[in-house]
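File shown here: final.cif, holding mmCIF, C-alpha atoms.
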data_input
loop_
_atom_site.label_atom_id
_atom_site.label_comp_id
_atom_site.auth_asym_id
_atom_site.auth_seq_id
_atom_site.Cartn_x
_atom_site.Cartn_y
_atom_site.Cartn_z
CA MET H 566 138.59 160.25 119.35
CA LYS H 567 136.97 162.73 121.77
CA PHE H 568 137.90 160.46 124.70
CA LEU H 569 141.50 161.63 124.35
CA VAL H 570 140.56 165.15 125.48
CA ASN H 571 137.25 164.82 127.29
CA PRO H 572 137.28 163.50 130.91
CA SER H 573 133.80 161.97 130.99
CA LYS H 574 134.23 160.28 127.59
CA PHE H 575 137.66 159.11 128.74
CA ASN H 576 136.08 157.54 131.80
CA LYS H 577 133.63 155.62 129.62
CA VAL H 578 136.30 154.28 127.26
CA ALA H 579 138.63 153.56 130.19
CA ASP H 580 135.99 151.42 131.89
CA TYR H 581 135.66 149.36 128.72
CA ILE H 582 139.35 148.81 128.06
CA PHE H 583 140.79 148.62 131.59
CA LEU H 584 140.22 144.91 132.18
CA PRO H 585 141.35 143.80 128.68
CA VAL H 586 144.46 145.96 129.03
CA LEU H 587 145.27 144.52 132.45
CA ILE H 588 144.73 140.92 131.31
CA SER H 589 146.77 141.38 128.13
CA SER H 590 149.60 142.92 130.16
CA ILE H 591 149.66 139.85 132.39
CA ILE H 592 149.62 137.50 129.38
CA LEU H 593 152.27 139.49 127.51
CA PHE H 594 154.49 139.60 130.59
CA SER H 595 154.24 135.84 131.11
CA ILE H 596 155.10 135.15 127.47
CA GLY H 597 157.74 137.88 127.31
CA LEU H 598 159.53 136.91 130.52
CA MET H 599 159.45 133.24 129.59
CA PHE H 600 161.12 134.11 126.30
CA ALA H 601 163.52 136.53 127.94
CA PHE H 602 164.70 134.11 130.62
CA TYR H 603 164.46 130.68 129.01
CA LEU H 604 163.59 130.54 125.33
CA SER H 605 165.78 133.28 123.87
CA PRO H 606 169.38 132.39 122.98
CA ASP H 607 172.55 133.65 124.66
CA ASP H 608 174.35 136.41 122.84
CA TYR H 609 177.58 135.56 121.03
CA GLN H 610 179.50 138.08 123.12
CA GLN H 611 177.43 138.96 126.16
CA GLY H 612 176.24 135.45 127.04
CA SER H 613 173.29 135.51 129.42
CA THR H 614 173.75 139.18 130.31
CA VAL H 615 171.91 140.03 127.09
CA ARG H 616 168.66 139.17 128.89
CA ILE H 617 168.85 142.45 130.82
CA MET H 618 168.17 144.14 127.49
CA TYR H 619 164.59 142.80 127.46
CA VAL H 620 163.83 144.98 130.48
CA HIS H 621 166.24 147.82 129.81
CA VAL H 622 165.22 148.73 126.27
CA PRO H 623 161.40 148.70 126.75
CA SER H 624 161.66 150.79 129.91
CA ALA H 625 163.88 153.29 128.11
CA TRP H 626 161.41 153.52 125.21
CA LEU H 627 158.48 153.91 127.58
CA ALA H 628 160.29 156.59 129.60
CA LEU H 629 160.69 158.64 126.40
CA LEU H 630 157.18 157.84 125.12
CA THR H 631 155.59 158.93 128.41
CA TYR H 632 157.40 162.24 128.25
CA ALA H 633 156.44 162.75 124.61
CA ILE H 634 152.77 162.20 125.52
CA MET H 635 153.07 164.70 128.38
CA THR H 636 154.59 167.22 125.97
CA LEU H 637 151.70 166.88 123.50
CA TYR H 638 149.13 167.24 126.28
CA SER H 639 150.96 170.26 127.72
CA ILE H 640 150.74 171.97 124.32
CA ALA H 641 147.03 171.06 124.14
CA GLY H 642 146.47 172.33 127.69
CA LEU H 643 148.27 175.62 127.20
CA ALA H 644 147.34 176.49 123.63
CA PHE H 645 143.80 175.12 123.39
CA LYS H 646 142.88 175.48 127.08
CA ILE H 647 141.99 171.80 127.37
CA PRO H 648 142.01 170.99 131.11
CA PHE H 649 142.40 167.28 130.38
CA GLY H 650 145.97 168.01 129.24
CA PHE H 651 146.89 169.10 132.76
CA ILE H 652 145.17 166.04 134.23
CA ILE H 653 147.44 163.82 132.12
CA ASN H 654 150.54 165.73 133.23
CA THR H 655 149.76 165.17 136.89
CA ALA H 656 148.76 161.55 136.41
CA VAL H 657 151.51 160.08 134.25
CA ALA H 658 154.67 161.87 135.48
CA PRO H 659 155.35 159.28 138.25
CA ILE H 660 154.89 156.45 135.71
CA GLY H 661 157.54 157.98 133.46
CA ALA H 662 159.83 158.48 136.45
CA VAL H 663 159.56 154.79 137.39
CA PHE H 664 160.30 153.68 133.82
CA THR H 665 163.35 155.97 133.75
CA LEU H 666 164.57 154.58 137.06
CA MET H 667 164.12 150.99 135.82
CA CYS H 668 166.06 151.88 132.70
CA ILE H 669 168.91 153.38 134.75
CA ILE H 670 169.09 150.50 137.26
CA SER H 671 168.90 147.71 134.64
CA GLY H 672 171.46 149.59 132.53
CA SER H 673 173.87 149.78 135.48
CA LEU H 674 173.48 146.08 136.17
CA TRP H 675 174.36 145.41 132.52
CA GLY H 676 177.18 147.95 132.47
CA LYS H 677 179.13 146.46 135.35
CA PRO H 678 179.86 143.07 133.74
CA MET H 679 179.98 144.35 130.14
CA TRP H 680 181.70 147.73 130.25
CA GLY H 681 183.43 147.22 133.57
CA THR H 682 181.66 150.11 135.30
CA TRP H 683 178.26 150.83 136.84
CA TRP H 684 178.08 154.36 135.57
CA VAL H 685 179.97 156.82 133.39
CA TRP H 686 179.13 160.42 132.60
CA ASP H 687 178.85 160.03 128.85
CA ALA H 688 176.24 161.95 126.87
CA ARG H 689 173.58 159.20 126.80
CA LEU H 690 173.74 158.29 130.48
CA THR H 691 173.91 161.91 131.59
CA SER H 692 170.92 162.96 129.46
CA VAL H 693 168.86 160.06 130.85
CA ALA H 694 169.85 161.08 134.39
CA ILE H 695 168.64 164.60 133.52
CA LEU H 696 165.37 163.11 132.23
CA PHE H 697 164.90 161.39 135.58
CA ILE H 698 165.57 164.64 137.47
CA ILE H 699 163.07 166.47 135.22
CA TYR H 700 160.44 163.84 136.06
CA LEU H 701 161.17 164.28 139.78
CA ILE H 702 160.87 168.08 139.53
CA ILE H 703 157.50 167.69 137.75
CA ILE H 704 156.27 165.37 140.52
CA PHE H 705 157.39 167.78 143.25
CA MET H 706 155.88 170.77 141.44
CA ASN H 707 152.59 168.88 141.24
CA LEU H 708 152.68 168.48 145.00
CA SER H 709 153.80 171.95 145.96
CA PHE H 710 151.43 174.65 144.68
CA GLU H 711 148.36 175.75 146.62
CA ASN H 712 146.59 177.27 143.63
CA ARG H 713 145.66 174.62 141.06
CA ILE H 714 145.31 176.99 138.09
CA VAL H 715 148.79 178.44 138.63
CA ARG H 716 150.30 175.02 139.29
CA GLU H 717 148.95 173.46 136.10
CA LYS H 718 150.34 176.22 133.93
CA VAL H 719 153.76 176.27 135.57
CA VAL H 720 154.04 172.48 135.34
CA ALA H 721 152.96 172.47 131.67
CA ILE H 722 155.52 175.13 130.78
CA PHE H 723 158.19 173.19 132.65
CA VAL H 724 157.23 170.01 130.76
CA LEU H 725 157.62 171.88 127.46
CA VAL H 726 161.04 173.26 128.39
CA GLY H 727 162.12 169.81 129.56
CA SER H 728 160.98 168.23 126.29
CA ILE H 729 164.12 169.67 124.68
CA ASN H 730 165.97 166.88 126.46
CA LEU H 731 164.11 164.21 124.44
CA PRO H 732 165.95 164.59 121.11
CA ILE H 733 169.18 164.92 123.08
CA VAL H 734 168.58 161.56 124.78
CA LYS H 735 167.61 159.93 121.50
CA PHE H 736 170.44 161.25 119.35
CA SER H 737 173.21 161.59 121.96
CA VAL H 738 174.73 158.30 120.79
CA ASP H 739 174.93 159.57 117.20
CA TRP H 740 176.08 163.12 117.88
CA TRP H 741 178.88 162.42 120.32
CA ASN H 742 181.34 159.69 121.17
CA THR H 743 179.70 157.77 123.97
CA LEU H 744 180.42 154.57 125.83
CA HIS H 745 176.78 153.61 125.26
CA GLN H 746 176.20 151.79 121.98
CA PRO H 747 174.11 153.43 119.20
CA ALA H 748 170.53 152.34 118.52
CA THR H 749 170.08 148.75 117.36
CA ILE H 750 166.57 149.18 116.05
CA SER H 751 165.82 152.18 113.89
CA LYS H 752 163.28 152.70 111.19
CA LEU H 753 165.71 153.51 108.42
CA SER H 754 167.90 150.43 108.44
CA LYS H 755 167.61 146.73 108.94
CA PRO H 756 167.89 146.00 112.68
CA SER H 757 171.21 144.53 113.71
CA ILE H 758 169.54 142.03 116.01
CA ASP H 759 168.53 138.46 115.30
CA PRO H 760 164.76 137.69 115.09
CA SER H 761 165.09 135.21 117.96
CA MET H 762 166.04 138.18 120.18
CA MET H 763 163.90 140.77 118.43
CA ILE H 764 160.60 138.92 119.06
CA PRO H 765 160.94 138.72 122.88
CA LEU H 766 162.01 142.36 122.87
CA ILE H 767 158.84 143.37 120.99
CA VAL H 768 156.63 141.22 123.25
CA MET H 769 158.21 142.80 126.33
CA THR H 770 157.72 146.27 124.84
CA PHE H 771 153.99 145.64 124.40
CA ALA H 772 153.82 144.19 127.91
CA PHE H 773 155.40 147.40 129.25
CA ILE H 774 153.00 149.53 127.19
CA MET H 775 150.01 147.62 128.55
CA VAL H 776 151.08 147.78 132.19
CA GLY H 777 151.90 151.48 131.80
CA LEU H 778 148.51 152.08 130.19
CA ALA H 779 146.70 150.20 132.98
CA ILE H 780 148.38 152.26 135.72
CA ALA H 781 147.82 155.44 133.70
CA ILE H 782 144.08 154.73 133.40
CA LEU H 783 143.81 154.24 137.16
CA ARG H 784 145.78 157.40 137.92
CA ILE H 785 143.92 159.54 135.37
CA LYS H 786 140.54 158.39 136.72
CA THR H 787 141.65 159.17 140.28
CA GLU H 788 142.83 162.59 139.17
CA ILE H 789 139.50 163.32 137.44
CA ILE H 790 137.57 162.36 140.58
CA SER H 791 139.78 164.40 142.89
CA ARG H 792 139.36 167.46 140.66
CA LYS H 793 135.60 167.06 140.62
CA SER H 794 135.52 166.98 144.39
CA ASN H 795 138.03 169.89 144.55
CA LEU H 796 140.56 167.96 146.53
CA SER H 797 143.48 169.36 144.61
CA MET A 2 144.28 184.40 113.26
CA SER A 3 142.46 182.89 116.19
CA LEU A 4 143.71 183.22 119.74
CA ARG A 5 144.27 179.47 120.03
CA PHE A 6 146.41 179.41 116.94
CA GLN A 7 148.43 182.38 118.22
CA ARG A 8 149.09 180.60 121.50
CA LEU A 9 150.09 177.42 119.67
CA LEU A 10 152.43 179.37 117.42
CA LEU A 11 153.96 181.14 120.43
CA ILE A 12 154.59 177.84 122.21
CA LEU A 13 156.10 176.16 119.17
CA LEU A 14 158.28 179.16 118.34
CA THR A 15 159.57 179.36 121.91
CA LEU A 16 160.38 175.65 121.86
CA VAL A 17 162.23 175.95 118.55
CA ILE A 18 164.25 178.92 119.82
CA ILE A 19 165.21 177.24 123.11
CA LEU A 20 166.02 173.98 121.32
CA SER A 21 168.28 175.72 118.82
CA ALA A 22 170.00 177.61 121.63
CA VAL A 23 170.67 174.40 123.55
CA LEU A 24 171.84 172.58 120.41
CA LEU A 25 174.17 175.46 119.50
CA ILE A 26 175.73 175.31 122.96
CA LEU A 27 176.10 171.53 122.77
CA TYR A 28 177.46 171.68 119.22
CA ASN A 29 180.13 174.19 120.13
CA THR A 30 181.17 172.30 123.22
CA ARG A 31 181.01 168.91 121.53
CA GLU A 32 184.63 168.10 122.31
CA ASN A 33 183.82 168.36 125.99
CA VAL A 34 180.50 166.51 125.67
CA SER A 35 182.11 163.61 123.83
CA TYR A 36 183.16 160.92 126.24
CA PHE A 37 186.42 160.06 124.52
CA TYR A 38 188.80 161.03 121.71
CA THR A 39 189.53 158.68 118.84
CA PRO A 40 193.22 158.05 118.04
CA SER A 41 193.06 160.15 114.87
CA GLU A 42 191.57 163.04 116.85
CA ILE A 43 194.46 162.67 119.31
CA ASP A 44 196.90 163.04 116.42
CA LYS A 45 195.55 166.51 115.71
CA LEU A 46 195.65 167.57 119.37
CA ASP A 47 198.64 168.86 121.27
CA ILE A 48 199.28 166.13 123.77
CA VAL A 49 199.71 167.36 127.31
CA VAL A 50 201.71 164.85 129.31
CA ASN A 51 200.02 163.69 132.55
CA GLU A 52 196.66 165.29 131.72
CA LYS A 53 193.77 162.93 132.38
CA MET A 54 191.81 162.03 129.25
CA ARG A 55 189.92 159.19 127.58
CA ILE A 56 190.62 157.56 124.25
CA GLY A 57 188.36 155.12 122.46
CA GLY A 58 188.56 152.79 119.50
CA PHE A 59 189.21 149.17 118.72
CA VAL A 60 191.87 147.03 120.32
CA GLU A 61 194.23 146.41 117.43
CA ASN A 62 194.57 142.81 116.28
CA ASP A 63 197.78 141.05 117.37
CA SER A 64 198.79 144.00 119.54
CA PHE A 65 197.81 142.61 122.92
CA SER A 66 200.54 141.22 125.14
CA LYS A 67 201.04 140.54 128.83
CA ILE A 68 203.91 142.27 130.57
CA SER A 69 203.22 140.48 133.83
CA SER A 70 200.20 138.67 135.27
CA SER A 71 198.23 141.85 135.84
CA SER A 72 199.80 144.37 133.50
CA PHE A 73 199.09 144.50 129.83
CA LYS A 74 200.15 146.29 126.69
CA PHE A 75 197.98 146.84 123.62
CA LYS A 76 197.20 149.30 120.87
CA ILE A 77 193.97 151.28 120.42
CA THR A 78 193.18 152.05 116.80
CA ASP A 79 190.49 153.58 114.61
CA GLU A 80 192.12 152.20 111.45
CA LYS A 81 193.70 155.58 110.72
CA ALA A 82 195.91 156.01 113.75
CA SER A 83 196.83 153.92 116.74
CA ILE A 84 198.08 154.54 120.25
CA LEU A 85 200.13 152.30 122.49
CA VAL A 86 198.47 151.72 125.88
CA THR A 87 199.83 150.17 129.05
CA PHE A 88 197.47 149.06 131.79
CA ASN A 89 197.86 147.57 135.24
CA GLY A 90 194.63 146.11 136.60
CA ILE A 91 191.62 143.95 135.79
CA LEU A 92 190.22 143.94 132.26
CA PRO A 93 186.43 143.70 131.71
CA ASP A 94 184.93 140.46 130.29
CA LEU A 95 184.23 141.87 126.86
CA PHE A 96 187.78 143.16 126.40
CA ARG A 97 189.55 141.39 123.53
CA GLU A 98 191.35 142.12 120.28
CA GLY A 99 189.07 143.61 117.65
CA GLN A 100 186.57 144.74 120.29
CA GLY A 101 185.74 148.38 121.04
CA ALA A 102 187.20 149.84 124.22
CA VAL A 103 187.40 153.16 126.03
CA ILE A 104 190.57 153.84 128.00
CA GLU A 105 190.90 156.39 130.78
CA GLY A 106 194.34 157.55 131.78
CA VAL A 107 197.26 159.86 131.01
CA PHE A 108 199.96 160.18 128.35
CA VAL A 109 203.25 159.46 130.07
CA ASP A 110 205.10 160.74 127.03
CA ASN A 111 204.09 161.54 123.45
CA ASP A 112 203.64 157.91 122.43
CA ILE A 113 202.66 155.90 125.49
CA PHE A 114 199.29 156.14 127.18
CA ASN A 115 199.11 154.82 130.72
CA ALA A 116 195.58 153.62 131.52
CA THR A 117 193.97 153.83 134.93
CA ASN A 118 190.61 152.41 133.79
CA VAL A 119 189.63 150.23 130.84
CA PHE A 120 185.99 149.99 129.73
CA ALA A 121 184.85 147.56 127.05
CA LYS A 122 182.52 149.11 124.51
CA HIS A 123 179.70 147.00 123.19
CA ASP A 124 178.43 147.55 119.64
CA GLU A 125 174.81 147.53 118.52
CA ASN A 126 174.89 143.98 117.15
CA TYR A 127 173.06 141.16 118.89
CA MET A 128 173.41 137.61 117.67
CA PRO A 129 172.68 134.20 119.23
CA ALA A 130 175.79 132.23 120.17
CA SER A 131 174.57 129.23 118.12
CA ILE A 132 174.57 131.29 114.92
CA LYS A 133 178.21 132.16 115.52
CA GLU A 134 179.03 128.43 115.40
CA ASP A 135 176.95 128.00 112.23
CA LEU A 136 178.71 130.88 110.56
CA LYS A 137 182.11 129.48 111.53
CA ASP A 138 181.19 126.08 110.17
CA THR A 139 180.10 127.47 106.83
CA GLY A 140 183.04 129.84 106.64
CA TYR A 141 180.97 133.02 106.58
CA TRP A 142 182.21 134.21 109.94
CA ASN A 143 183.61 137.71 109.76
CA LYS A 144 186.86 137.81 111.74
CA LYS A 145 186.08 141.39 112.78
CA TYR A 146 183.26 140.15 115.04
CA LYS A 147 185.71 138.08 117.13
#
Can you turn what I pasted into structure tokens?
Amino acid sequence: MKFLVNPSKFNKVADYIFLPVLISSIILFSIGLMFAFYLSPDDYQQGSTVRIMYVHVPSAWLALLTYAIMTLYSIAGLAFKIPFGFIINTAVAPIGAVFTLMCIISGSLWGKPMWGTWWVWDARLTSVAILFIIYLIIIFMNLSFENRIVREKVVAIFVLVGSINLPIVKFSVDWWNTLHQPATISKLSKPSIDPSMMIPLIVMTFAFIMVGLAIAILRIKTEIISRKSNLS
Amino acid sequence: MSLRFQRLLLILLTLVIILSAVLLILYNTRENVSYFYTPSEIDKLDIVVNEKMRIGGFVENDSFSKISSSSFKFKITDEKASILVTFNGILPDLFREGQGAVIEGVFVDNDIFNATNVFAKHDENYMPASIKEDLKDTGYWNKKYK
């Protein structure tokens, strides 16, 4: 498992898995989108609008997952002085930002016909908007410091402070009255979604994971090279 | 205690302290963070006439009626209390009796809530439309689903 913290070992593993990851993301997307658009049934209340969920929910999960990974690597970078942690922070922040934006846009498109509004300032939507702003600040911080050593530390500390938003995003629908519905799929209870809708959702989630992983591998490798040649 | 472990402990402790501070703030301002009041929460509040607020709950069964082509009257309930709402405008697709809804507007007097916006609230249940027909055929359909 050394490849998770060691740049040259990471490069080796990444070279092996990059093509399989890319191909499986293409396959999973073709299957997932086919299910999402044609083979999955209409919802009993939402009709066809339910299909937005197959993009909305995976992108929301991936937005949170990306941030959680950045948090773990920030702790590793700061506490154990592992430089690879900072490499990850720089590389994956834009990926998380894009997933968050996709989640917000697809959610708005669903909200207009279903709720009757594009956007409300309830706890869930506001905390996700804050997550997006945190991602943007991390990206700008990564671009703004002259001194790399200082920049890495400041960014990692900011990532840690921002990680407090994660449980707030996750549990906002349980803690407060929100317009957004509570979680459909949770570990503790039987999911309140039919298998015919659950399967495309899971396929799409893996497709998102694979495409995110493929872009992450490319960005991390670029970051490793640019550090070696002292470009940043 | 090694230096690494000290740093790790410092980071984790700081995170726990900041997290508890934020959660304390949010917990104590939860009435402002919450997007709407339920009817039974409204019962305990002093109603200020003409103050903008949001109430949320289910549209009570058999309470919906049209006053004219674009103005409606219905009750919002949480099965403990209910509030009479009047609304002039366009209702969202999902709005129907038994369905969750969030209403934005003002109390015109102690009993009548005049809505400016109506949002339909969707629950966390997803079910294919065909199953609904099956359930109706076999008589297992729960009327609450609508």
Taking all atoms listed in the file into account, what are the residues of chain A at most 8 Å from chain H, put as a VMD selection string? chain A and resid 5 to 6 8 to 9 12 16 19 to 20 31 34 to 38 92 to 95 103 119 to 131 133
Name the residues in contact with Arg97 (chain A) at a cut-off of 10 Å, using all atoms listed in the file, excluding same-chain residues fewer than 6 positions from it; report them as a ChimeraX atom specification. /A:59-62,65,121,147
Take the selection from the previous step and output its residues with C-alpha atoms, as a PDB file, in the frame of the given file.
ATOM      1  CA  PHE A  59     189.210 149.170 118.720  1.00  0.00           C
ATOM      2  CA  VAL A  60     191.870 147.030 120.320  1.00  0.00           C
ATOM      3  CA  GLU A  61     194.230 146.410 117.430  1.00  0.00           C
ATOM      4  CA  ASN A  62     194.570 142.810 116.280  1.00  0.00           C
ATOM      5  CA  PHE A  65     197.810 142.610 122.920  1.00  0.00           C
ATOM      6  CA  ALA A 121     184.850 147.560 127.050  1.00  0.00           C
ATOM      7  CA  LYS A 147     185.710 138.080 117.130  1.00  0.00           C
TER       8      LYS A 147
END
Residues returned when the PyMOL selection byres ((chain A and resi 49-57) around 7) runs on this file, as an MDAnalysis selection string: chainID A and resid 37:40 47:48 58 102:110
Using all atoms of region 116-125 of chain A that appear in the file, construct an axis-aligned enclosing box with 4 Å of padding on every side and provide its centre coordinates and edge lengths in Å, rounded to one decimal, as AutoDock Vina command-line options.
--center_x 185.2 --center_y 150.4 --center_z 126.7 --size_x 28.8 --size_y 14.8 --size_z 24.4
So the first atom is CA of Val622 (chain H) and the second is CA of Phe568 (chain H); what is the distance between them in Å, to one decimal place?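 Going from CA of Val622 (chain H) over to CA of Phe568 (chain H) covers 29.8 Å.
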Run the PyMOL selection byres ((chain H and resi 569) around 10) against the file shown and list the residues it catches, as a PyMOL selection string. chain H and resi 566-568+570-572+574-575+578+638+649-650
In terms of the shortest atom-to-atom distance over only C-alpha atoms, which of A:Asn89, A:Ile26, A:Ile113, A:Lys45 is closest to Lys76 (chain A)? A:Ile113
Translate the PyMOL selection byres ((chain H and resi 625) around 12), as applied to the file shown, into an explicit residue set as JSON, numbers by chain. {"H": [618, 619, 620, 621, 622, 623, 624, 626, 627, 628, 629, 630, 631, 632, 661, 662, 663, 664, 665, 666, 667, 668, 669, 670, 671, 672, 689, 690, 693, 694, 696, 697, 731, 734, 735, 748, 770, 773, 774]}
List the neighbours of Ala721 (chain H) out to 8 Å using all atoms listed in the file; skip same-chain residues closer than 2 positions along the sequence, and give me the result as a PyMOL selection string. chain H and resi 636+639-640+642-643+651+654+717-719+723-725
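Proximity to Glu788 (chain H) was assessed for H:Thr655, H:Ser673, H:Ser590, H:Ser613 counting only C-alpha atoms; the smallest distance is recorded for H:Thr655.
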Residue neighbourhood Phe88 (chain A), 10 Å, all atoms listed in the file, exclusion window fewer than 5 positions, as a PyMOL selection string: chain A and resi 67-68+71-75+104-106+114-119
File dump, residues just selected, C-alpha atoms, as a short mmCIF file (atom, residue, chain, number, x, y, z; two decimals), in the coordinates of the input:
data_model
loop_
_atom_site.label_atom_id
_atom_site.label_comp_id
_atom_site.auth_asym_id
_atom_site.auth_seq_id
_atom_site.Cartn_x
_atom_site.Cartn_y
_atom_site.Cartn_z
CA LYS A 67 201.04 140.54 128.83
CA ILE A 68 203.91 142.27 130.57
CA SER A 71 198.23 141.85 135.84
CA SER A 72 199.80 144.37 133.50
CA PHE A 73 199.09 144.50 129.83
CA LYS A 74 200.15 146.29 126.69
CA PHE A 75 197.98 146.84 123.62
CA ILE A 104 190.57 153.84 128.00
CA GLU A 105 190.90 156.39 130.78
CA GLY A 106 194.34 157.55 131.78
CA PHE A 114 199.29 156.14 127.18
CA ASN A 115 199.11 154.82 130.72
CA ALA A 116 195.58 153.62 131.52
CA THR A 117 193.97 153.83 134.93
CA ASN A 118 190.61 152.41 133.79
CA VAL A 119 189.63 150.23 130.84
#
To one decimal in Å, tell me the separation between CA of Pro659 (chain H) and CA of Leu701 (chain H). 7.8 Å
If you measure from CA of Ile592 (chain H) to CA of Ile782 (chain H), what distance in Å do you get, rounded to one decimal?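 Interatomic distance, CA of Ile592 (chain H) to CA of Ile782 (chain H): 18.5 Å.
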